[in-house]
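Asker: Enclosed is the structure file work_0.cif (mmCIF, C-alpha atoms).
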```cif
data_upload
loop_
_atom_site.group_PDB
_atom_site.id
_atom_site.type_symbol
_atom_site.label_atom_id
_atom_site.label_comp_id
_atom_site.auth_asym_id
_atom_site.auth_seq_id
_atom_site.Cartn_x
_atom_site.Cartn_y
_atom_site.Cartn_z
ATOM 1 C CA MET B 141 -35.928 203.129 148.503
ATOM 2 C CA GLU B 142 -34.043 203.489 151.786
ATOM 3 C CA ASN B 143 -35.414 200.083 152.788
ATOM 4 C CA LYS B 144 -34.075 198.425 149.668
ATOM 5 C CA GLY B 145 -30.418 199.019 150.404
ATOM 6 C CA PHE B 146 -29.894 202.585 149.207
ATOM 7 C CA ASN B 147 -28.114 204.444 151.982
ATOM 8 C CA ILE B 148 -26.846 207.959 152.550
ATOM 9 C CA PRO B 149 -23.933 209.335 154.583
ATOM 10 C CA ASP B 150 -24.608 210.288 158.198
ATOM 11 C CA HIS B 151 -26.224 213.713 158.642
ATOM 12 C CA TYR B 152 -26.361 214.049 154.877
ATOM 13 C CA PHE B 153 -29.640 215.972 154.699
ATOM 14 C CA GLU B 154 -28.795 218.399 157.511
ATOM 15 C CA GLN B 155 -25.508 219.278 155.860
ATOM 16 C CA LYS B 156 -27.019 219.429 152.409
ATOM 17 C CA LYS B 157 -29.724 221.832 153.476
ATOM 18 C CA GLU B 158 -27.206 224.142 155.062
ATOM 19 C CA SER B 159 -24.942 224.097 152.013
ATOM 20 C CA LEU B 160 -27.879 224.783 149.675
ATOM 21 C CA LYS B 161 -28.983 227.752 151.747
ATOM 22 C CA ALA B 162 -25.426 229.056 151.794
ATOM 23 C CA ILE B 163 -25.193 228.822 147.993
ATOM 24 C CA ALA B 164 -28.391 230.818 147.648
ATOM 25 C CA GLN B 165 -27.119 233.439 150.094
ATOM 26 C CA SER B 166 -23.913 233.909 148.150
ATOM 27 C CA SER B 167 -25.571 234.349 144.764
ATOM 28 C CA GLU B 168 -28.452 236.447 143.623
ATOM 29 C CA ALA B 169 -31.481 235.047 141.857
ATOM 30 C CA ARG B 170 -32.162 236.377 138.366
ATOM 31 C CA ASN B 171 -34.958 238.839 138.697
ATOM 32 C CA PRO B 172 -36.395 239.795 135.302
ATOM 33 C CA ASN B 173 -38.202 242.829 136.787
ATOM 34 C CA LYS B 174 -35.056 244.258 138.272
ATOM 35 C CA ARG B 175 -33.282 246.096 135.497
ATOM 36 C CA THR B 176 -30.165 248.125 135.809
ATOM 37 C CA PHE B 177 -31.082 251.828 135.778
ATOM 38 C CA ARG B 178 -29.956 253.706 132.690
ATOM 39 C CA PRO B 179 -30.916 257.420 132.586
ATOM 40 C CA TRP B 180 -32.647 258.889 129.525
ATOM 41 C CA TYR B 181 -29.755 261.215 128.739
ATOM 42 C CA ALA B 182 -27.493 258.200 128.190
ATOM 43 C CA TYR B 183 -29.726 257.200 125.271
ATOM 44 C CA VAL B 184 -29.751 260.815 123.957
ATOM 45 C CA ALA B 185 -25.949 260.973 124.119
ATOM 46 C CA ALA B 186 -25.675 257.676 122.262
ATOM 47 C CA ALA B 187 -28.082 258.936 119.584
ATOM 48 C CA LEU B 188 -26.094 262.191 119.173
ATOM 49 C CA VAL B 189 -22.862 260.265 118.731
ATOM 50 C CA ILE B 190 -24.455 258.132 116.023
ATOM 51 C CA ILE B 191 -25.884 261.211 114.252
ATOM 52 C CA GLY B 192 -22.480 262.956 114.469
ATOM 53 C CA ILE B 193 -20.715 260.003 112.959
ATOM 54 C CA TRP B 194 -23.287 259.894 110.175
ATOM 55 C CA LEU B 195 -23.001 263.620 109.398
ATOM 56 C CA PHE B 196 -19.212 263.722 109.399
ATOM 57 C CA ARG B 197 -18.706 260.496 107.599
ATOM 58 C CA PRO B 198 -16.382 260.735 104.601
ATOM 59 C CA SER B 199 -18.448 261.612 101.535
ATOM 60 C CA SER B 200 -18.606 258.813 99.084
ATOM 61 C CA SER B 201 -19.393 261.320 96.255
ATOM 62 C CA ILE B 202 -15.824 262.655 96.328
ATOM 63 C CA GLN B 203 -13.880 260.405 94.115
ATOM 64 C CA PRO B 204 -10.121 260.141 94.330
ATOM 65 C CA PRO B 205 -8.467 261.769 91.338
ATOM 66 C CA ALA B 206 -8.059 259.226 88.671
ATOM 67 C CA SER B 207 -4.545 258.956 87.437
ATOM 68 C CA LEU B 208 -4.251 260.513 84.021
ATOM 69 C CA SER B 209 -3.529 258.020 81.441
ATOM 70 C CA TYR B 210 -1.863 259.396 78.395
ATOM 71 C CA SER B 211 -3.005 256.465 76.432
ATOM 72 C CA GLU B 212 -6.571 257.780 76.737
ATOM 73 C CA LEU B 213 -5.704 260.993 74.967
ATOM 74 C CA LYS B 214 -5.961 261.131 71.255
ATOM 75 C CA GLN B 215 -2.693 261.678 69.534
ATOM 76 C CA GLU B 216 -4.010 264.709 67.616
ATOM 77 C CA GLU B 217 -5.086 266.363 70.862
ATOM 78 C CA VAL B 218 -1.659 265.963 72.356
ATOM 79 C CA ILE B 219 0.005 267.362 69.288
ATOM 80 C CA GLN B 220 -2.375 270.302 69.196
ATOM 81 C CA PHE B 221 -1.751 271.035 72.866
ATOM 82 C CA LEU B 222 1.991 270.975 72.512
ATOM 83 C CA VAL B 223 1.981 273.156 69.414
ATOM 84 C CA GLU B 224 -0.415 275.761 70.746
ATOM 85 C CA ASP B 225 0.476 275.555 74.422
ATOM 86 C CA PRO B 226 -2.048 278.146 75.695
ATOM 87 C CA ASN B 227 -0.341 278.365 79.072
ATOM 88 C CA ALA B 228 3.053 279.051 77.738
ATOM 89 C CA ILE B 229 4.093 282.173 79.576
ATOM 90 C CA TYR B 230 7.780 282.565 79.519
ATOM 91 C CA PRO B 231 9.649 285.305 81.343
ATOM 92 C CA GLU B 232 11.044 287.816 78.953
ATOM 93 C CA SER B 233 14.525 287.341 80.305
ATOM 94 C CA PHE B 234 14.295 283.758 79.238
ATOM 95 C CA ILE B 235 13.460 284.769 75.719
ATOM 96 C CA GLN B 236 16.075 287.518 75.690
ATOM 97 C CA ASP B 237 18.786 285.196 76.903
ATOM 98 C CA LEU B 238 18.181 282.723 74.214
ATOM 99 C CA PRO B 239 20.816 282.627 71.515
ATOM 100 C CA GLN B 240 19.699 284.035 68.201
ATOM 101 C CA GLU B 241 20.047 280.668 66.505
ATOM 102 C CA ALA B 242 17.609 279.187 68.887
ATOM 103 C CA LEU B 243 15.091 281.921 68.231
ATOM 104 C CA ASP B 244 15.556 281.558 64.499
ATOM 105 C CA SER B 245 15.440 277.841 64.471
ATOM 106 C CA THR B 246 12.191 276.163 63.940
ATOM 107 C CA PHE B 247 11.538 272.589 64.578
ATOM 108 C CA SER B 248 8.469 270.649 64.211
ATOM 109 C CA LEU B 249 7.311 268.244 66.813
ATOM 110 C CA GLU B 250 7.482 264.781 65.559
ATOM 111 C CA LEU B 251 5.495 261.872 66.796
ATOM 112 C CA GLU B 252 8.626 260.222 68.077
ATOM 113 C CA THR B 253 9.405 263.206 70.262
ATOM 114 C CA ILE B 254 5.908 263.367 71.647
ATOM 115 C CA ASP B 255 6.085 259.689 72.439
ATOM 116 C CA SER B 256 9.281 260.169 74.336
ATOM 117 C CA TYR B 257 7.700 262.947 76.426
ATOM 118 C CA LEU B 258 4.663 260.932 77.121
ATOM 119 C CA ASN B 259 6.621 257.866 78.045
ATOM 120 C CA GLU B 260 8.975 259.897 80.219
ATOM 121 C CA GLN B 261 11.883 258.806 78.231
ATOM 122 C CA TYR B 262 14.977 260.797 77.684
ATOM 123 C CA LEU B 263 14.984 263.085 74.753
ATOM 124 C CA PRO B 264 16.770 261.926 71.662
ATOM 125 C CA LEU B 265 20.333 263.092 71.570
ATOM 126 C CA GLU B 266 19.731 265.642 68.805
ATOM 127 C CA TYR B 267 17.513 267.746 71.123
ATOM 128 C CA LEU B 268 19.944 267.915 74.016
ATOM 129 C CA MET U 253 -49.355 218.077 150.737
ATOM 130 C CA GLN U 254 -50.900 221.546 150.738
ATOM 131 C CA GLU U 255 -48.201 224.153 150.367
ATOM 132 C CA PRO U 256 -48.347 227.178 152.714
ATOM 133 C CA GLU U 257 -50.046 230.215 151.211
ATOM 134 C CA ILE U 258 -47.211 232.397 152.491
ATOM 135 C CA TRP U 259 -44.886 230.911 149.851
ATOM 136 C CA LYS U 260 -46.869 232.443 146.998
ATOM 137 C CA ILE U 261 -46.928 235.757 148.838
ATOM 138 C CA GLN U 262 -43.166 235.586 149.338
ATOM 139 C CA LEU U 263 -42.747 234.784 145.654
ATOM 140 C CA HIS U 264 -44.706 237.851 144.585
ATOM 141 C CA ASN U 265 -43.146 240.048 147.276
ATOM 142 C CA GLY U 266 -39.691 239.166 146.081
ATOM 143 C CA SER U 267 -38.723 237.514 149.388
ATOM 144 C CA HIS U 268 -36.883 234.842 147.440
ATOM 145 C CA GLN U 269 -34.256 234.032 150.020
ATOM 146 C CA GLN U 270 -36.825 233.185 152.673
ATOM 147 C CA LEU U 271 -38.929 231.253 150.204
ATOM 148 C CA PHE U 272 -35.949 229.279 148.951
ATOM 149 C CA ASN U 273 -34.913 228.344 152.487
ATOM 150 C CA SER U 274 -38.441 227.075 153.141
ATOM 151 C CA LEU U 275 -38.363 224.992 149.947
ATOM 152 C CA VAL U 276 -34.999 223.504 150.879
ATOM 153 C CA GLU U 277 -36.279 222.611 154.344
ATOM 154 C CA ALA U 278 -39.479 221.106 153.011
ATOM 155 C CA TYR U 279 -38.351 219.200 149.935
ATOM 156 C CA THR U 280 -34.684 218.216 150.104
ATOM 157 C CA GLU U 281 -35.362 214.654 151.290
ATOM 158 C CA ARG U 282 -38.226 213.965 148.904
ATOM 159 C CA LEU U 283 -36.357 215.334 145.925
ATOM 160 C CA TYR U 284 -33.245 213.405 146.834
ATOM 161 C CA TRP U 285 -35.090 210.088 146.921
ATOM 162 C CA HIS U 286 -36.840 210.911 143.685
ATOM 163 C CA ILE U 287 -33.486 211.574 142.033
ATOM 164 C CA ARG U 288 -31.902 208.527 143.651
ATOM 165 C CA SER U 289 -34.693 206.333 142.292
ATOM 166 C CA ILE U 290 -33.710 207.452 138.794
ATOM 167 C CA LEU U 291 -29.934 207.523 139.149
ATOM 168 C CA ALA U 292 -29.384 204.815 141.800
ATOM 169 C CA ARG U 293 -25.914 206.094 142.730
ATOM 170 C CA HIS U 294 -25.549 208.433 145.685
ATOM 171 C CA ASP U 295 -22.755 210.599 144.230
ATOM 172 C CA TRP U 296 -24.752 211.303 141.073
ATOM 173 C CA SER U 297 -27.910 211.956 143.081
ATOM 174 C CA ASP U 298 -26.070 214.377 145.335
ATOM 175 C CA ASP U 299 -24.746 216.337 142.340
ATOM 176 C CA VAL U 300 -28.138 216.447 140.643
ATOM 177 C CA LEU U 301 -29.916 217.475 143.845
ATOM 178 C CA GLN U 302 -27.540 220.403 144.244
ATOM 179 C CA GLU U 303 -27.782 221.375 140.585
ATOM 180 C CA SER U 304 -31.586 221.210 140.707
ATOM 181 C CA PHE U 305 -31.800 223.507 143.708
ATOM 182 C CA ILE U 306 -29.333 225.966 142.191
ATOM 183 C CA LYS U 307 -31.385 226.064 138.980
ATOM 184 C CA ALA U 308 -34.554 226.542 141.001
ATOM 185 C CA TRP U 309 -32.929 229.374 142.947
ATOM 186 C CA MET U 310 -31.796 231.138 139.802
ATOM 187 C CA ALA U 311 -35.198 230.720 138.151
ATOM 188 C CA LEU U 312 -37.311 231.471 141.209
ATOM 189 C CA PRO U 313 -38.133 235.084 140.222
ATOM 190 C CA ASN U 314 -39.385 233.827 136.839
ATOM 191 C CA PHE U 315 -41.653 231.213 138.374
ATOM 192 C CA ARG U 316 -45.231 232.416 138.008
ATOM 193 C CA GLY U 317 -46.639 230.053 140.615
ATOM 194 C CA ASP U 318 -49.156 228.388 138.292
ATOM 195 C CA SER U 319 -48.295 224.978 139.689
ATOM 196 C CA ALA U 320 -47.247 223.876 143.148
ATOM 197 C CA PHE U 321 -43.618 224.538 144.056
ATOM 198 C CA TYR U 322 -43.068 220.830 144.549
ATOM 199 C CA THR U 323 -44.296 219.994 141.039
ATOM 200 C CA TRP U 324 -41.965 222.619 139.651
ATOM 201 C CA LEU U 325 -38.971 221.352 141.660
ATOM 202 C CA TYR U 326 -39.835 217.764 140.752
ATOM 203 C CA ARG U 327 -39.765 218.679 137.079
ATOM 204 C CA ILE U 328 -36.389 220.391 137.363
ATOM 205 C CA ALA U 329 -34.945 217.432 139.265
ATOM 206 C CA THR U 330 -36.330 214.934 136.728
ATOM 207 C CA ASN U 331 -34.919 216.869 133.783
ATOM 208 C CA GLU U 332 -31.553 217.166 135.476
ATOM 209 C CA SER U 333 -31.537 213.433 136.217
ATOM 210 C CA LEU U 334 -32.407 212.629 132.617
ATOM 211 C CA SER U 335 -29.620 214.912 131.410
ATOM 212 C CA LEU U 336 -27.095 213.143 133.596
ATOM 213 C CA LEU U 337 -28.284 209.719 132.438
ATOM 214 C CA LYS U 338 -28.025 210.829 128.822
ATOM 215 C CA LYS U 339 -24.548 212.251 129.335
ATOM 216 C CA GLU U 340 -23.375 209.167 131.203
ATOM 217 C CA ARG U 341 -24.821 206.815 128.618
ATOM 218 C CA ARG U 342 -23.164 208.740 125.801
ATOM 219 C CA PHE U 343 -19.865 208.659 127.667
ATOM 220 C CA GLN U 344 -20.083 204.922 128.294
ATOM 221 C CA LEU U 345 -20.987 204.207 124.676
ATOM 222 C CA HIS U 346 -18.083 206.367 123.598
ATOM 223 C CA GLU U 347 -15.826 204.354 125.881
ATOM 224 C CA GLY U 348 -16.934 201.128 124.241
ATOM 225 C CA ALA U 349 -19.979 199.681 125.997
ATOM 226 C CA LEU U 350 -22.628 200.393 128.573
ATOM 227 C CA ASP U 351 -21.118 199.562 131.903
ATOM 228 C CA PHE U 352 -23.000 200.587 134.993
ATOM 229 C CA LYS U 353 -21.738 198.990 138.181
ATOM 230 C CA LEU U 354 -23.516 199.690 141.400
ATOM 231 C CA GLU U 355 -20.556 198.243 143.301
ATOM 232 C CA ALA U 356 -18.877 201.597 142.755
ATOM 233 C CA ASP U 357 -21.402 203.155 145.113
ATOM 234 C CA PRO U 358 -20.458 202.719 148.788
ATOM 235 C CA TYR U 359 -23.970 203.779 149.766
ATOM 236 C CA PHE U 360 -25.643 200.753 148.278
ATOM 237 C CA ASN U 361 -25.914 197.521 150.204
ATOM 238 C CA GLY U 362 -28.972 195.999 148.597
ATOM 239 C CA ASP U 363 -29.198 192.336 147.694
ATOM 240 C CA GLU U 364 -27.710 190.791 144.585
ATOM 241 C CA ALA U 365 -31.055 190.596 142.772
ATOM 242 C CA LEU U 366 -31.664 194.311 143.153
ATOM 243 C CA LYS U 367 -28.124 195.076 142.049
ATOM 244 C CA LEU U 368 -28.606 192.981 138.896
ATOM 245 C CA LEU U 369 -31.959 194.599 138.249
ATOM 246 C CA ILE U 370 -30.519 198.118 138.490
ATOM 247 C CA GLU U 371 -27.589 197.200 136.284
ATOM 248 C CA ALA U 372 -30.016 195.758 133.728
ATOM 249 C CA ILE U 373 -32.126 198.915 133.831
ATOM 250 C CA ALA U 374 -29.007 200.961 133.148
ATOM 251 C CA THR U 375 -28.709 199.374 129.710
ATOM 252 C CA LEU U 376 -32.049 200.853 128.595
ATOM 253 C CA PRO U 377 -32.436 204.189 126.796
ATOM 254 C CA GLU U 378 -32.658 206.960 129.389
ATOM 255 C CA LYS U 379 -36.380 207.687 128.885
ATOM 256 C CA GLN U 380 -37.306 204.022 129.282
ATOM 257 C CA GLN U 381 -35.065 203.819 132.337
ATOM 258 C CA THR U 382 -36.804 206.765 133.921
ATOM 259 C CA VAL U 383 -40.300 205.463 133.215
ATOM 260 C CA PHE U 384 -39.424 202.043 134.543
ATOM 261 C CA LYS U 385 -37.768 203.370 137.690
ATOM 262 C CA LEU U 386 -40.559 205.813 138.491
ATOM 263 C CA LYS U 387 -43.047 202.982 138.169
ATOM 264 C CA TYR U 388 -41.016 200.302 139.871
ATOM 265 C CA PHE U 389 -39.462 202.241 142.765
ATOM 266 C CA GLN U 390 -42.007 205.012 143.315
ATOM 267 C CA GLU U 391 -45.128 203.286 141.985
ATOM 268 C CA MET U 392 -45.959 206.566 140.302
ATOM 269 C CA PRO U 393 -49.265 206.587 138.353
ATOM 270 C CA PHE U 394 -48.857 207.073 134.596
ATOM 271 C CA LYS U 395 -50.989 210.204 134.735
ATOM 272 C CA GLU U 396 -48.632 211.864 137.198
ATOM 273 C CA MET U 397 -45.653 210.668 135.185
ATOM 274 C CA SER U 398 -47.212 212.145 132.057
ATOM 275 C CA ALA U 399 -47.274 215.617 133.605
ATOM 276 C CA LEU U 400 -43.758 215.219 134.917
ATOM 277 C CA LEU U 401 -42.149 213.975 131.719
ATOM 278 C CA ASP U 402 -44.379 215.890 129.331
ATOM 279 C CA THR U 403 -45.265 212.666 127.490
ATOM 280 C CA SER U 404 -48.637 211.089 126.767
ATOM 281 C CA VAL U 405 -49.918 208.297 129.005
ATOM 282 C CA GLY U 406 -50.045 205.942 126.014
ATOM 283 C CA ALA U 407 -46.408 206.572 125.128
ATOM 284 C CA LEU U 408 -45.381 206.044 128.756
ATOM 285 C CA LYS U 409 -47.271 202.752 128.958
ATOM 286 C CA ALA U 410 -45.582 201.598 125.765
ATOM 287 C CA SER U 411 -42.163 202.648 127.119
ATOM 288 C CA TYR U 412 -42.805 200.806 130.351
ATOM 289 C CA HIS U 413 -43.924 197.693 128.502
ATOM 290 C CA HIS U 414 -40.783 197.674 126.302
ATOM 291 C CA ALA U 415 -38.555 198.289 129.299
ATOM 292 C CA ASN U 416 -40.246 195.504 131.220
ATOM 293 C CA GLU U 417 -39.778 193.047 128.370
ATOM 294 C CA LYS U 418 -36.125 193.917 127.836
ATOM 295 C CA ILE U 419 -35.293 193.575 131.507
ATOM 296 C CA LYS U 420 -37.116 190.256 131.810
ATOM 297 C CA ASN U 421 -35.187 188.945 128.836
ATOM 298 C CA GLN U 422 -31.929 190.213 130.193
ATOM 299 C CA LEU U 423 -32.443 188.669 133.605
ATOM 300 C CA ASN U 424 -34.080 185.528 132.218
ATOM 301 C CA LEU U 425 -37.169 186.161 134.295
ATOM 302 C CA LYS U 426 -40.762 185.281 133.584
ATOM 303 C CA GLU U 427 -42.161 188.092 135.682
ATOM 304 C CA LEU U 428 -40.693 191.060 137.510
ATOM 305 C CA LYS U 429 -41.610 191.320 141.166
#
```
Could you express the structure from this file as structure tokens?

Answerer:
Amino acid sequence: MENKGFNIPDHYFEQKKESLKAIAQSSEARNPNKRTFRPWYAYVAAALVIIGIWLFRPSSSIQPPASLSYSELKQEEVIQFLVEDPNAIYPESFIQDLPQEALDSTFSLELETIDSYLNEQYLPLEYL
Amino acid sequence: MQEPEIWKIQLHNGSHQQLFNSLVEAYTERLYWHIRSILARHDWSDDVLQESFIKAWMALPNFRGDSAFYTWLYRIATNESLSLLKKERRFQLHEGALDFKLEADPYFNGDEALKLLIEAIATLPEKQQTVFKLKYFQEMPFKEMSALLDTSVGALKASYHHANEKIKNQLNLKELK
């Protein structure tokens, strides 16, 4: 091709060869057989970390407490609970300090009252 | 050309630096002219020559040595040349039209006929260009070209025939000399 009018700069090949050799000297060829050394205990440590994470992972069987919905309770159950109140342990002083009228008075729980408790509403004026 | 036996030994010994320097010394000129015959322009050929040798250097440890080093380098250089042609062609088409002007190359002082021929070749698809140039400038046998381009001899002959016809039509010639 040189004879057909395709030229090259002076000393092109000499300079090119030198620059190509310099490029090769400055960078390393990719050797697939040369692997970076990684000791066996690095793999063991990695495996232990993974096992530890797995063992101490938050248990999915523990469910967060579901919020109690009063609407799911039957009305009769609520009434029964409030009337019987098995956990009602009042200090004696509380009972002693009560005025006699209060001890004598009886009032029945009405549905309206229960509703107001359940709905966290204020008590009707007559009970204050 | 019979390649020195020491090169294969250096390859397997891992003496890549020495081997690479020997390859550069032995094949820079031949590879350059091979690339130049495909790309025509000196600046492109210079870039592709450098890129080919860098790729060869990086891949040298993976080379098993089944073929001659020259065949391997020739393949890399051809693929790189084809990639540049493809990229350049796509760019020119994106810009509006194929426009290859050899005048832009200060290292070309061939006659007008050759300039027109090369500019006509540049309008062909890159594979046809390569086949035509390898045949026209290097007089490469189709069998050798087949190994180089990984294409059957029949397909190469057909490509060459189409390229020949298109160029003759473009230059209003009866026969290419």

Asker: Pick out the residues sitting within 12 Å of Leu401 (chain U), and hand them over as an MDAnalysis selection string; count all atoms listed in the file, and ignore anything fewer than 2 positions along from it in its own chain.

Answerer: chainID U and resid 323:324 326:334 379:380 382:383 386 392 394:399 403:405 407:408

Asker: Pull out every residue that the PyMOL selection byres ((chain U) within 8 of (chain B)) matches in the shown coordinates and put them as a list in words.

Answerer: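 Here the PyMOL selection byres ((chain U) within 8 of (chain B)) matches His268, Gln269, Phe272, Asn273, Val276, Glu277, Thr280, Glu281, Trp285, Ser289, Ala292, His294, Gln302, Phe305, Ile306, Trp309, Met310, Ala311, Leu312, Pro313, Asn314, Tyr359, Phe360, Asn361, Gly362, Asp363 and Phe389 of chain U.
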
Asker: Given the choices U:Ala320, U:Leu271, U:Leu423, U:Leu325, which gets closest to Leu369 (chain U) if the distance is worked out from only C-alpha atoms?

Answerer: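 Among U:Ala320, U:Leu271, U:Leu423, U:Leu325, it is U:Leu423 that comes nearest to Leu369 (chain U).
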
Asker: Between CA of Glu371 (chain U) and CA of Tyr388 (chain U), what is the spacing in Å?

Answerer: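 Computing it gives 14.2 Å between the two atoms.
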
Asker: Please compute the CA of Pro377 (chain U)-CA of His414 (chain U) distance, one decimal, in Å.

Answerer: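 Taking CA of Pro377 (chain U) as the start and CA of His414 (chain U) as the end point, the length is 10.6 Å.
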
Asker: For region 152-161 of chain B, take all atoms listed in the file, fit an axis-aligned box around them, add 5 Å to each of the six sides, then output centre and edge lengths in Å rounded to one decimal, as JSON.

Answerer:
```
{"center_x": -27.3, "center_y": 220.9, "center_z": 153.6, "size_x": 14.8, "size_y": 23.7, "size_z": 17.8}
```

Asker: In Å, how far is it from CA of Asn421 (chain U) to CA of Glu364 (chain U)?

Answerer: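 CA of Asn421 (chain U) sits 17.5 Å away from CA of Glu364 (chain U).
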
Asker: If the PyMOL selection byres ((chain U and resi 416) around 10) were run on this exact file, what residues would it hold? Put them as a PyMOL selection string.

Answerer: chain U and resi 373+380-381+384+388+410-415+417-422+427-428

Asker: Take the residues from that selection and write them out as a PDB file, in the coordinates of the input, keeping C-alpha atoms.

Answerer:
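Final file, selection20.pdb:
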```
ATOM      1  CA  ILE U 373     -32.126 198.915 133.831  1.00  0.00           C
ATOM      2  CA  GLN U 380     -37.306 204.022 129.282  1.00  0.00           C
ATOM      3  CA  GLN U 381     -35.065 203.819 132.337  1.00  0.00           C
ATOM      4  CA  PHE U 384     -39.424 202.043 134.543  1.00  0.00           C
ATOM      5  CA  TYR U 388     -41.016 200.302 139.871  1.00  0.00           C
ATOM      6  CA  ALA U 410     -45.582 201.598 125.765  1.00  0.00           C
ATOM      7  CA  SER U 411     -42.163 202.648 127.119  1.00  0.00           C
ATOM      8  CA  TYR U 412     -42.805 200.806 130.351  1.00  0.00           C
ATOM      9  CA  HIS U 413     -43.924 197.693 128.502  1.00  0.00           C
ATOM     10  CA  HIS U 414     -40.783 197.674 126.302  1.00  0.00           C
ATOM     11  CA  ALA U 415     -38.555 198.289 129.299  1.00  0.00           C
ATOM     12  CA  GLU U 417     -39.778 193.047 128.370  1.00  0.00           C
ATOM     13  CA  LYS U 418     -36.125 193.917 127.836  1.00  0.00           C
ATOM     14  CA  ILE U 419     -35.293 193.575 131.507  1.00  0.00           C
ATOM     15  CA  LYS U 420     -37.116 190.256 131.810  1.00  0.00           C
ATOM     16  CA  ASN U 421     -35.187 188.945 128.836  1.00  0.00           C
ATOM     17  CA  GLN U 422     -31.929 190.213 130.193  1.00  0.00           C
ATOM     18  CA  GLU U 427     -42.161 188.092 135.682  1.00  0.00           C
ATOM     19  CA  LEU U 428     -40.693 191.060 137.510  1.00  0.00           C
TER      20      LEU U 428
END
```

Asker: Enumerate, as a PyMOL selection string, the protein, DNA and RNA residues whose atoms approach (-25.0, 210.5, 141.8) to within 10 Å, taking into account only C-alpha atoms and the coordinate frame of the file.

Answerer: chain U and resi 287-288+290-301+333+336-337+357

Asker: For a quick check of understanding, using only C-alpha atoms, which of U:Glu340, U:Pro393, U:Arg282, U:Ile258 has the smallest distance to Glu378 (chain U)?

Answerer: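 That would be U:Glu340, the residue with the smallest distance to Glu378 (chain U).
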